[in-house]
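Asker: A single structure is presented below for examination.
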Amino acid sequence: MKLKFGVVIFPGSNCDYDTLYALKDVLNQDAIFLWHKEHNLKNVDCVILPGGFSYGDYLRSGSIAAFSPLMQEVKEFALRGGLVLGICNGFQVLLELGLLPGAMLRNKNLKFLCQFVHLRVDNETTPFTNKAKKGQVLKIPIAHYDGNFFSPPDTIQEIKINNQIVLRYSDARGQLSEEANVNGSLESIAGLINSAGNIMGMMPHPERASEALLGSEDGRIIFESIINWKG
Amino acid sequence: MKVRILVSLKDSVLDPQGQTVKNALHTLGYDSIKDVRQGKVFELELEGMSPEEAERVIPEISDKVLANPIIEKFVWQILEKD
């Protein structure tokens with residue numbers, strides 16, 4: 001059975017076609033675009049908020065997109081238990097919407113980082129990582145300016161207690177270090193899930209690591225996990 | 001009425017941009033500058049809004065839209081009265 005994915009397009013999204021391609025052409029699933037002004041999710045099984053620079057990152061990354069009509073539908077869908085994955089700018093939108101805890105600060109070195117990173121899977125029980133093994137290291141690229149995850153001390157306590165940290169920046173052997181934590185994120189957080197376990201945000205781009213030609217196929221595991229979860 | 005809202009990172013949040021500006025100022029010899037915090041300024045023109053209403057609305061929109069209360073704080077002032 002094929003799943004139906006909805007890839008949301010905001011003005012300034014630029015990973016929308018890559019994501020649709022990965023889902024349709026690489027993974028042979030149904031996938032449609034959802035325009036930010038629409039009010040209808042068209043019965044998709046999973047909503048994906050792709051990477052890019054929605055509204056030019058004006059005000060704060062992801063903030064204006066969070067107010068779009070479609071995102072109110074996405075919020076309701078998510079609160080009913082629907083699967084939502086935010087990639088990069090999509091993660092920032094989920095934070096701005098309050099569907100995930102915390103906020104993004106500018107990268108610690110004040111540089112736009114565009115490079116492959118290693119990610120350690122710390123929670124393999126989620127809809128987005130169930131095809132991975134605990135501690136498995138994935139090689140997936142990042143491309144962002146505001147990916148330095150921050151949350152107040154009480155919030156990060158809660159995140160840890162609930163096992164909401166899904167992916168962490170690590171080295172190739174899965175070791176955490178200040179050096180491997182390229183953007184300075186609190187607790188080396190690269191991927192975070194809500195406490196109910198149906199909304200995930202991740203700064204790395206799995207769609208950009210979906211074919212060997214792109215330098216890595218490790219990103220497929222994220223999409224294959226969703227397919228496995230719903231299948 | 002015209003109001004000005006100043007949004008900046010909370011004191012508990014590291015401000016690497018402010019740090020970089022401070023370092024540049026030190027390079028130029030302004031050693032007495034102890035700290036720099038960077039922020040954003042919004043100037044809003046309000047029509048038909050009483051100062052009492054502004055007292056309610058400005059903090060509301062600042063919390064909801066202009067600032068992200070997890071990392072940012074805001075102060076505001078009336079620049080021009082009607």
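Here's how to read the names in the structure tokens: chain A, B, ... by the order shown, residue numbers from 1 in each chain, ligand numbers from 1 in the order shown.
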Write out as a ChimeraX atom specification which residues come within 8 Å of Asn107 (chain A) when counting only C-alpha atoms, dropping same-chain ones fewer than 3 positions away.

Answerer: /A:110-112,145-148,182-184

Asker: Once you count only C-alpha atoms, which residues of chain B turn out to be within 7 Å of chain A? Could you give them as a ChimeraX atom specification?

Answerer: /B:16,70-71

Asker: Ranking B:Leu25, B:Val75, B:Met1, B:Lys34 by minimum distance to Ala54 (chain B) and counting only C-alpha atoms, which one comes first?

Answerer: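 Result for the nearest residue to Ala54 (chain B): B:Met1.
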
Asker: Got a sec: who's within 9 Å of Pro51 (chain B), counting only C-alpha atoms, leaving out chain neighbours fewer than 2 positions off, as a compact mmCIF listing (two decimals) with C-alpha atoms, in the first residue's frame?

Answerer:
```
# COMPACT_ATOMS: atom_id res chain seq x y z
CA MET B 1 -0.38 57.30 17.75
CA MET B 49 -6.57 53.33 19.38
CA GLU B 53 -6.15 49.91 24.44
CA ALA B 54 -2.52 50.14 23.34
CA GLU B 55 -1.48 49.04 26.85
CA ARG B 56 -3.35 45.83 26.19
CA ILE B 78 4.75 55.75 22.87
CA LYS B 81 0.35 60.74 20.80
```

Asker: What's the 12 Å shell around Lys160 (chain A), counting only C-alpha atoms, without same-chain residues fewer than 4 positions away, as a ChimeraX atom specification?

Answerer: /A:101,122-123,151,153-156,164-166,186-187,189,192-195

Asker: So which bits of region 134-186 of chain A end up alpha helix (DSSP H) when you DSSP the backbone, as a count of residues only?

Answerer: 9

Asker: Identify which of the residues B:Val41, B:Ser8, B:Tyr30, B:Val36 lies closest to Pro69 (chain B), counting only C-alpha atoms when measuring atom-to-atom distances.

Answerer: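 Residue with the minimum atom-to-atom distance to Pro69 (chain B): B:Ser8.
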
Asker: For the atom pair CA of Gln38 (chain B) and CA of Asn68 (chain B), what is the interatomic distance in Å to one decimal place?

Answerer: 14.9 Å

Asker: With only C-alpha atoms as the counted atoms, please give the residues lying no more than 12 Å from Glu80 (chain B), apart from itself and same-chain residues fewer than 4 positions off, as a PyMOL selection string.

Answerer: chain B and resi 1-4+43-47+51

Asker: Between A:Glu38, A:Ser61, A:Gln175, A:Arg208, which is the closest to Tyr17 (chain A) once you count only C-alpha atoms?

Answerer: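 Of all the options, A:Arg208 lies closest to Tyr17 (chain A).
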
Asker: Find the residues around Met1 (chain A) up to 10 Å (only C-alpha atoms counted), leave out those fewer than 4 positions away in its own chain, and share them as a PDB file with C-alpha atoms, in the first residue's frame.

Answerer:
```
ATOM      1  CA  GLN A  29       4.859   6.675  -2.663  1.00  0.00           C
ATOM      2  CA  ASP A  30       1.986   9.043  -3.440  1.00  0.00           C
ATOM      3  CA  ILE A 227       6.011   4.093   5.571  1.00  0.00           C
ATOM      4  CA  LYS A 230       1.685   3.434   8.729  1.00  0.00           C
ATOM      5  CA  GLY A 231       1.924   0.262   6.616  1.00  0.00           C
TER       6      GLY A 231
END
```
